[in-house]
Amino acid sequence: MKDLKKIALVCYITICTLLIASCSKDDEVTPEPQLTPSEVLASTAWETTSAKNNKGENVVLTDANVSNFVGFAYFKSDGTFTMFNLDDSPKMRGDWSVPADGKTRTIVAKNAAGETLFTRVVDITVLTKKEFTYRIYPNNDNKTVYFDIIHTPTTHKEPK
């Protein structure tokens, strides 16, 4: 009889353990899918929120070295972009690309007729869903002097 009670107790403990262990958690977090650098850039609208120089010092956005790079940017998944100044006036539009390694961003600015105005390639220093930073060099022959243009996501609607 003692053996039967021990066997019944072991069975009961085993069943309880299995039931508890098999319960799934309702609050499990599903990992976000890994996005390519192009998908990250196209995932949100961006606003220039700050700039830093090569010494790590903050640079005001009205500084002549960075003011041309300030505004709202809308990179679409079809490879086109529009940019606006902070007062919503049009800045430029055209085509954009980021290679799979995410190290650079290229924009090809175009006029209303679709003719290329200029092409600019910049080094990307940060590209996450929370920050997009690229580096500009006032003199391409001197890589020791640079400015990092820092953007963060914005809910600002694209002006029409």
# chains A, B, ... in the order shown; residues from 1 in each chain; ligands from 1
>>> residues_around(residues="region 59-76 of chain A", least_positions_apart="2", cutoff="7 Å", atoms="only C-alpha atoms", output="PDB file with N, CA, C and O atoms, in the first residue's frame")
ATOM      1  N   LEU A  41      15.725  52.978 -43.574  1.00  0.00           N
ATOM      2  CA  LEU A  41      15.646  54.374 -43.988  1.00  0.00           C
ATOM      3  C   LEU A  41      14.247  54.731 -44.486  1.00  0.00           C
ATOM      4  O   LEU A  41      13.739  55.816 -44.212  1.00  0.00           O
ATOM      5  N   ALA A  42      13.599  53.797 -45.180  1.00  0.00           N
ATOM      6  CA  ALA A  42      12.264  54.058 -45.733  1.00  0.00           C
ATOM      7  C   ALA A  42      11.148  53.822 -44.716  1.00  0.00           C
ATOM      8  O   ALA A  42       9.989  54.106 -45.008  1.00  0.00           O
ATOM      9  N   ALA A  45       9.579  58.843 -41.572  1.00  0.00           N
ATOM     10  CA  ALA A  45      10.028  60.176 -41.981  1.00  0.00           C
ATOM     11  C   ALA A  45      11.116  60.602 -40.993  1.00  0.00           C
ATOM     12  O   ALA A  45      11.103  60.198 -39.828  1.00  0.00           O
ATOM     13  N   TRP A  46      12.060  61.406 -41.469  1.00  0.00           N
ATOM     14  CA  TRP A  46      13.194  61.820 -40.636  1.00  0.00           C
ATOM     15  C   TRP A  46      13.252  63.331 -40.527  1.00  0.00           C
ATOM     16  O   TRP A  46      12.967  64.048 -41.485  1.00  0.00           O
ATOM     17  N   GLU A  47      13.660  63.788 -39.357  1.00  0.00           N
ATOM     18  CA  GLU A  47      13.845  65.222 -39.120  1.00  0.00           C
ATOM     19  C   GLU A  47      15.257  65.454 -38.611  1.00  0.00           C
ATOM     20  O   GLU A  47      15.737  64.732 -37.729  1.00  0.00           O
ATOM     21  N   THR A  48      15.926  66.459 -39.149  1.00  0.00           N
ATOM     22  CA  THR A  48      17.248  66.820 -38.639  1.00  0.00           C
ATOM     23  C   THR A  48      17.053  67.425 -37.257  1.00  0.00           C
ATOM     24  O   THR A  48      16.329  68.410 -37.099  1.00  0.00           O
ATOM     25  N   SER A  50      19.894  67.500 -34.819  1.00  0.00           N
ATOM     26  CA  SER A  50      21.132  68.057 -34.291  1.00  0.00           C
ATOM     27  C   SER A  50      22.277  67.782 -35.260  1.00  0.00           C
ATOM     28  O   SER A  50      22.123  67.062 -36.240  1.00  0.00           O
ATOM     29  N   ALA A  51      23.413  68.383 -34.927  1.00  0.00           N
ATOM     30  CA  ALA A  51      24.631  68.180 -35.706  1.00  0.00           C
ATOM     31  C   ALA A  51      25.813  68.271 -34.749  1.00  0.00           C
ATOM     32  O   ALA A  51      25.743  68.961 -33.724  1.00  0.00           O
ATOM     33  N   LYS A  52      26.872  67.550 -35.083  1.00  0.00           N
ATOM     34  CA  LYS A  52      28.095  67.578 -34.271  1.00  0.00           C
ATOM     35  C   LYS A  52      29.288  67.719 -35.197  1.00  0.00           C
ATOM     36  O   LYS A  52      29.276  67.214 -36.323  1.00  0.00           O
ATOM     37  N   ASN A  53      30.326  68.373 -34.692  1.00  0.00           N
ATOM     38  CA  ASN A  53      31.547  68.490 -35.487  1.00  0.00           C
ATOM     39  C   ASN A  53      32.505  67.343 -35.168  1.00  0.00           C
ATOM     40  O   ASN A  53      32.189  66.470 -34.349  1.00  0.00           O
ATOM     41  N   GLU A  57      31.451  68.230 -30.662  1.00  0.00           N
ATOM     42  CA  GLU A  57      30.733  69.387 -30.130  1.00  0.00           C
ATOM     43  C   GLU A  57      29.441  69.604 -30.916  1.00  0.00           C
ATOM     44  O   GLU A  57      29.402  69.390 -32.137  1.00  0.00           O
ATOM     45  N   ASP A  78      10.130  52.927 -52.985  1.00  0.00           N
ATOM     46  CA  ASP A  78      10.325  52.794 -54.434  1.00  0.00           C
ATOM     47  C   ASP A  78      11.623  53.447 -54.916  1.00  0.00           C
ATOM     48  O   ASP A  78      11.901  53.515 -56.109  1.00  0.00           O
ATOM     49  N   GLY A  79      12.439  53.969 -53.965  1.00  0.00           N
ATOM     50  CA  GLY A  79      13.726  54.560 -54.324  1.00  0.00           C
ATOM     51  C   GLY A  79      13.664  56.046 -54.643  1.00  0.00           C
ATOM     52  O   GLY A  79      14.645  56.613 -55.115  1.00  0.00           O
ATOM     53  N   THR A  80      12.525  56.693 -54.362  1.00  0.00           N
ATOM     54  CA  THR A  80      12.434  58.134 -54.545  1.00  0.00           C
ATOM     55  C   THR A  80      12.414  58.813 -53.182  1.00  0.00           C
ATOM     56  O   THR A  80      12.125  58.176 -52.171  1.00  0.00           O
ATOM     57  N   PHE A  81      12.734  60.094 -53.179  1.00  0.00           N
ATOM     58  CA  PHE A  81      12.707  60.847 -51.923  1.00  0.00           C
ATOM     59  C   PHE A  81      12.217  62.263 -52.183  1.00  0.00           C
ATOM     60  O   PHE A  81      12.270  62.771 -53.305  1.00  0.00           O
ATOM     61  N   THR A  82      11.745  62.883 -51.113  1.00  0.00           N
ATOM     62  CA  THR A  82      11.476  64.318 -51.097  1.00  0.00           C
ATOM     63  C   THR A  82      12.048  64.873 -49.801  1.00  0.00           C
ATOM     64  O   THR A  82      12.091  64.177 -48.779  1.00  0.00           O
ATOM     65  N   MET A  83      12.524  66.094 -49.872  1.00  0.00           N
ATOM     66  CA  MET A  83      13.037  66.776 -48.682  1.00  0.00           C
ATOM     67  C   MET A  83      12.442  68.169 -48.633  1.00  0.00           C
ATOM     68  O   MET A  83      12.214  68.802 -49.668  1.00  0.00           O
ATOM     69  N   PHE A  84      12.187  68.620 -47.391  1.00  0.00           N
ATOM     70  CA  PHE A  84      11.604  69.928 -47.153  1.00  0.00           C
ATOM     71  C   PHE A  84      12.398  70.625 -46.068  1.00  0.00           C
ATOM     72  O   PHE A  84      12.949  69.985 -45.173  1.00  0.00           O
ATOM     73  N   ASN A  85      12.436  71.945 -46.139  1.00  0.00           N
ATOM     74  CA  ASN A  85      13.033  72.732 -45.065  1.00  0.00           C
ATOM     75  C   ASN A  85      12.120  72.636 -43.849  1.00  0.00           C
ATOM     76  O   ASN A  85      10.971  72.191 -43.950  1.00  0.00           O
ATOM     77  N   LEU A  86      12.601  73.080 -42.704  1.00  0.00           N
ATOM     78  CA  LEU A  86      11.807  72.984 -41.476  1.00  0.00           C
ATOM     79  C   LEU A  86      10.545  73.840 -41.519  1.00  0.00           C
ATOM     80  O   LEU A  86       9.618  73.603 -40.747  1.00  0.00           O
TER      81      LEU A  86
END
>>> residues_around(residues="region 116-128 of chain A", least_positions_apart="2", cutoff="7 Å", atoms="only C-alpha atoms", output="PyMOL selection string")
chain A and resi 40+103-111+114+130-136
>>> select_by_dssp(residues="region 100-133 of chain A", states="strand (DSSP E or B)", output="PyMOL selection string")
chain A and resi 104-110+116-127+132-133
>>> closest_residue(among="A:Thr14, A:Thr44, A:Ser89, A:Thr155", to="Ser77 (chain A)", atoms="only C-alpha atoms")
A:Thr44
